[in-house]
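Asks: Structure below; questions to follow.
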Amino acid sequence: MKKFIPLSKPSITCLEIEYVNQAMSSGWVSSLGSYINEFEASFAKYCGTKYALTTSSGTTAIHLALATYGITAGDEVIVPDLTFIATANAVAYTGAKVVTVDIKEDTLCIDTVKIEKAITPNTKAIIPVHLYGHPANTIEINRLAKKYNLLVLEDAAEAHGAEIERQKTGSLGDCGIFSFYGNKIITCGEGGMITTNDEAFYHRAKHLRDQAMSPLKRYWHNELGFNYRMTNLQAALGLAQLQRIDELIEDRIKIFELYRSYLADMPGIKLNFTADYARNVYWLVCFEVEGYTEAERNNLMKALELQGIETRPYFYPVSEMPMYQQNSIPTPVTHKVYQRGINLPSYFGLTFEEIEYICTCLRSQVNNGF
Ligand SMILES: Cc1ncc(COP(=O)(O)O)c(C=O)c1O
């Protein structure tokens, strides 16, 4: 049988199966149930925040957080140009303008110096994205936010457990948001979370998440709310994953180190970079070939696919999408980097031999040139 190495796959053990079975047998299959409460409490504790609120996805978590802060039409929100589209879309749902800012070439995270140039009197918030497991420089971003009185919403969808100065993502800004999609560091199948230390924000977000129903009068709603809830079944899966998060992250770090040991001496390539302020959790392994065009990058991916290796390209710049092309600020680094980058397989259980095989194929394809 032909070898096939996927880009990612979840690690499901007896613990996940046991918790989901318990949730099923309890009858609490919707959004009430003990797993929801336990998952939220444990996640808040893990991140070092006072509160955590489950949501139906990472996208709805970002939208809910923005709506809770009252971000609306006429406001501007700064996002990095290199991110998954959900970061920008959640801003657009509120009616606010998406302002895309360039990234730093080394960390692939938003460039703080360029953020300052993009701030206008209408700017209300910055959403730094901790891309591919590396935390954006939230220390500098918080400093800027303080200077201009802006909110900081961390998009930590890809960086559960990453840290700056021993503080976990999700606890670094005014609030953090996470995704638990199937390819993330921990998964619920689909799901999200908002973390915060702000009690009033937490209660208001919960109210809006639950259709903004009056706590005093059932089925009375005096404003527009959402159903952005997670189910108890998803939370059961999430809790089991959270209890295994240390081993899941350690495995990703080990996988990255193996890739590095095989590839670091290749001329003209770049792997994930870790800034000295950061703990990187290497959600995805990044591989860039200097000078590659998009077509060359795509050829490399095709060649690897023929050898049974699934990869994926870096995100396209948000500012290239038809919805976000208007008034965009130039982002030369994003435009250079996105073309030359791919993500390599990385998941719990990927073997030493498989990594060696991937690296051998990569070397020969890149050395043959396209
Ligand atoms: C950076 C980033 N933000 C937001 C999201 C949205 O999360 P979800 O897919 O759970 O809606 C993702 C998910 O893939 C992401 O990678």
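Letters A, B, ... go to the chains of the structure tokens in the order shown; residues in each chain start at 1; ligands are counted from 1 in the same order.
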Could you list, as a ChimeraX atom specification, all the residues within 7 Å of ligand 1, counting only C-alpha atoms and all ligand atoms?

Replies: /A:57-60,83-84,86-87,129,131,155-158,179-181,190-192

Asks: I'd like the contact shell of Ala41 of chain A - 9 Å cut-off, only C-alpha atoms, skipping same-chain residues fewer than 6 positions apart - returned as a count of residues only.

Replies: 4

Asks: Segment 135-149 of chain A: which residues within 7 Å, counting only C-alpha atoms, same-chain residues fewer than 6 positions away excluded, as a VMD selection string?

Replies: chain A and resid 109 to 110 112 128 to 129 162 to 163 172 to 173 278 280

Asks: So that I have them on file, write out the residues from the current selection with C-alpha atoms, as an mmCIF file, in the first residue's frame.

Replies:
data_model
loop_
_atom_site.group_PDB
_atom_site.id
_atom_site.type_symbol
_atom_site.label_atom_id
_atom_site.label_comp_id
_atom_site.auth_asym_id
_atom_site.auth_seq_id
_atom_site.Cartn_x
_atom_site.Cartn_y
_atom_site.Cartn_z
ATOM 1 C CA CYS A 109 3.568 37.519 13.656
ATOM 2 C CA ILE A 110 2.283 41.088 13.345
ATOM 3 C CA THR A 112 4.470 46.218 16.136
ATOM 4 C CA PRO A 128 -2.425 39.875 17.386
ATOM 5 C CA VAL A 129 -2.402 36.312 16.053
ATOM 6 C CA ALA A 162 2.542 29.105 24.194
ATOM 7 C CA GLU A 163 4.055 31.629 26.587
ATOM 8 C CA LEU A 172 -1.667 38.370 27.824
ATOM 9 C CA GLY A 173 -4.267 40.799 26.439
ATOM 10 C CA ALA A 278 8.681 33.363 23.526
ATOM 11 C CA ASN A 280 6.840 28.309 20.892
#

Asks: Considering only C-alpha atoms, state which residue in the set A:Gly238, A:Tyr69, A:Thr169, A:Glu288 is at the smallest distance from Gly182 of chain A.

Replies: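 Nearest to Gly182 of chain A: A:Gly238.
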
Asks: So that each row is one residue of segment 35-152 of chain A with an atom at most 8 Å from segment 252-274 of chain A, can you give its shortest atom pair and the distance in Å to one decimal, using only C-alpha atoms, rows by chain and rising number, as a Markdown table?

Replies:
| residue | atom | partner | partner_atom | distance |
| --- | --- | --- | --- | --- |
| A:Asp106 | CA | A:Phe273 | CA | 5.9 |
| A:Thr107 | CA | A:Phe273 | CA | 5.6 |
| A:His134 | CA | A:Thr274 | CA | 7.0 |

Asks: Could the residues in this selection be written to a file with N, CA and C atoms, as a PDB file, in the first residue's frame?

Replies:
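selection.pdb was written with the following content:
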ATOM      1  N   ASP A 106      10.731  37.065  10.649  1.00  0.00           N
ATOM      2  CA  ASP A 106      11.243  35.940  11.440  1.00  0.00           C
ATOM      3  C   ASP A 106      10.118  35.172  12.142  1.00  0.00           C
ATOM      4  N   THR A 107       9.319  35.858  12.945  1.00  0.00           N
ATOM      5  CA  THR A 107       8.294  35.148  13.740  1.00  0.00           C
ATOM      6  C   THR A 107       7.006  34.893  12.968  1.00  0.00           C
ATOM      7  N   HIS A 134       3.510  30.341  17.578  1.00  0.00           N
ATOM      8  CA  HIS A 134       4.472  31.304  18.142  1.00  0.00           C
ATOM      9  C   HIS A 134       3.754  32.567  18.623  1.00  0.00           C
TER      10      HIS A 134
END

Asks: Excluding Val77 of chain A and residues on its chain fewer than 3 positions from it, collect all residues at most 10 Å away from it, counting only C-alpha atoms, and give them as a VMD selection string.

Replies: chain A and resid 66 71 to 72 88 91 to 92 96 to 100 118 to 119 122 to 127 150 to 152

Asks: Nearest to Lys168 of chain A: which of A:Lys114, A:Lys336, A:His130, A:Lys184 is it, counting only C-alpha atoms?

Replies: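 With only C-alpha atoms as the atom set, the closest residue is A:His130.
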
Asks: Between A:Val113, A:Val289, A:Ile186, A:Leu306, which one has atoms that come closest to Glu247 of chain A, using only C-alpha atoms?

Replies: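 Nearest candidate to Glu247 of chain A out of A:Val113, A:Val289, A:Ile186, A:Leu306: A:Ile186.
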
Asks: Pick out each residue of segment 39-224 of chain A that DSSP on the backbone tags as alpha helix (DSSP H); I need them as a PyMOL selection string.

Replies: chain A and resi 39-47+58-68+86-93+112-118+138-148+199-209

Asks: List as a count of residues only the protein and nucleic acid residues near Asn227 of chain A, meaning an atom at most 12 Å away when only C-alpha atoms are counted, but skip any in the same chain fewer than 2 places from it.

Replies: 24

Asks: Can you list, as an MDAnalysis selection string, every protein, DNA or RNA residue that comes within 10 Å of Glu18 of chain A when you count only C-alpha atoms, leaving out same-chain residues fewer than 4 positions away?

Replies: chainID A and resid 13:14 22:24 236:237 240

Asks: Considering only C-alpha atoms, return as a PyMOL selection string whatever protein or nucleic-acid residues lie within 6 Å of Asn232 of chain A, sequence-local ones (same chain, fewer than 2 positions apart) excluded.

Replies: chain A and resi 29-31+33+35-36+234-235

Asks: Can I get the selection written as a short mmCIF file (atom, residue, chain, number, x, y, z; two decimals), in the first residue's frame, with C-alpha atoms?

Replies:
data_model
loop_
_atom_site.label_atom_id
_atom_site.label_comp_id
_atom_site.auth_asym_id
_atom_site.auth_seq_id
_atom_site.Cartn_x
_atom_site.Cartn_y
_atom_site.Cartn_z
CA VAL A 29 -25.90 16.32 25.14
CA SER A 30 -26.57 20.01 24.54
CA SER A 31 -24.95 23.04 26.09
CA GLY A 33 -23.75 19.71 31.66
CA TYR A 35 -18.23 18.83 31.28
CA ILE A 36 -18.90 22.39 30.10
CA GLN A 234 -17.60 18.64 22.75
CA ALA A 235 -16.55 19.78 26.23
#

Asks: What are the DSSP strand (DSSP E) residues of segment 170-235 of chain A, as a list in words?

Replies: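 The strand (DSSP E) residues within segment 170-235 of chain A come out as Cys175, Gly176, Ile177, Phe178, Ser179, Gly192, Met193, Ile194, Thr195 and Thr196 of chain A.
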
Asks: Could the residues in this selection be written to a file with C-alpha atoms, as a tab-separated table (two decimals), in the first residue's frame?

Replies:
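After the write, part_26.tsv holds the following:
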chain	number	residue	atom	x	y	z
A	175	CYS	CA	-9.04	38.67	26.33
A	176	GLY	CA	-7.85	35.63	24.42
A	177	ILE	CA	-9.64	33.38	21.98
A	178	PHE	CA	-8.93	29.76	21.11
A	179	SER	CA	-10.05	27.23	18.51
A	192	GLY	CA	-13.75	27.69	20.84
A	193	MET	CA	-13.04	29.54	24.08
A	194	ILE	CA	-12.70	33.10	25.31
A	195	THR	CA	-10.39	33.72	28.28
A	196	THR	CA	-10.26	36.89	30.37

Asks: Would you compute the distance between atom CA of Val281 of chain A and atom CA of Gln243 of chain A? Give it in Å to one decimal.

Replies: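 Interatomic distance, atom CA of Val281 of chain A to atom CA of Gln243 of chain A: 16.5 Å.
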
Asks: Figure out the distance between atom CA of Ala65 of chain A and atom CA of Tyr228 of chain A, please, to one decimal in Å.

Replies: 11.3 Å

Asks: For Pro330 of chain A, which residue out of A:Tyr357, A:Pro80, A:Asp174, A:Asp102 is the nearest one, using only C-alpha atoms?

Replies: A:Asp102

Asks: I need the residue nearest Leu239 of chain A from this list: A:Arg279, A:Thr187, A:Ile309, A:Phe226. Use only C-alpha atoms for the distance.

Replies: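 Of A:Arg279, A:Thr187, A:Ile309, A:Phe226, the one nearest Leu239 of chain A is A:Thr187, counting only C-alpha atoms.
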
Asks: Could you work out how far atom CA of Gly189 of chain A lies from atom CA of Leu284 of chain A, giving the answer in Å with one decimal?

Replies: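 For atom CA of Leu284 of chain A relative to atom CA of Gly189 of chain A, the distance reads 18.0 Å.
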
Asks: In terms of the shortest atom-to-atom distance over only C-alpha atoms, which of A:Asp111, A:Gln167, A:Trp28, A:Ile249 is closest to Gly349 of chain A?

Replies: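 So, comparing all the options, the nearest one is A:Ile249.
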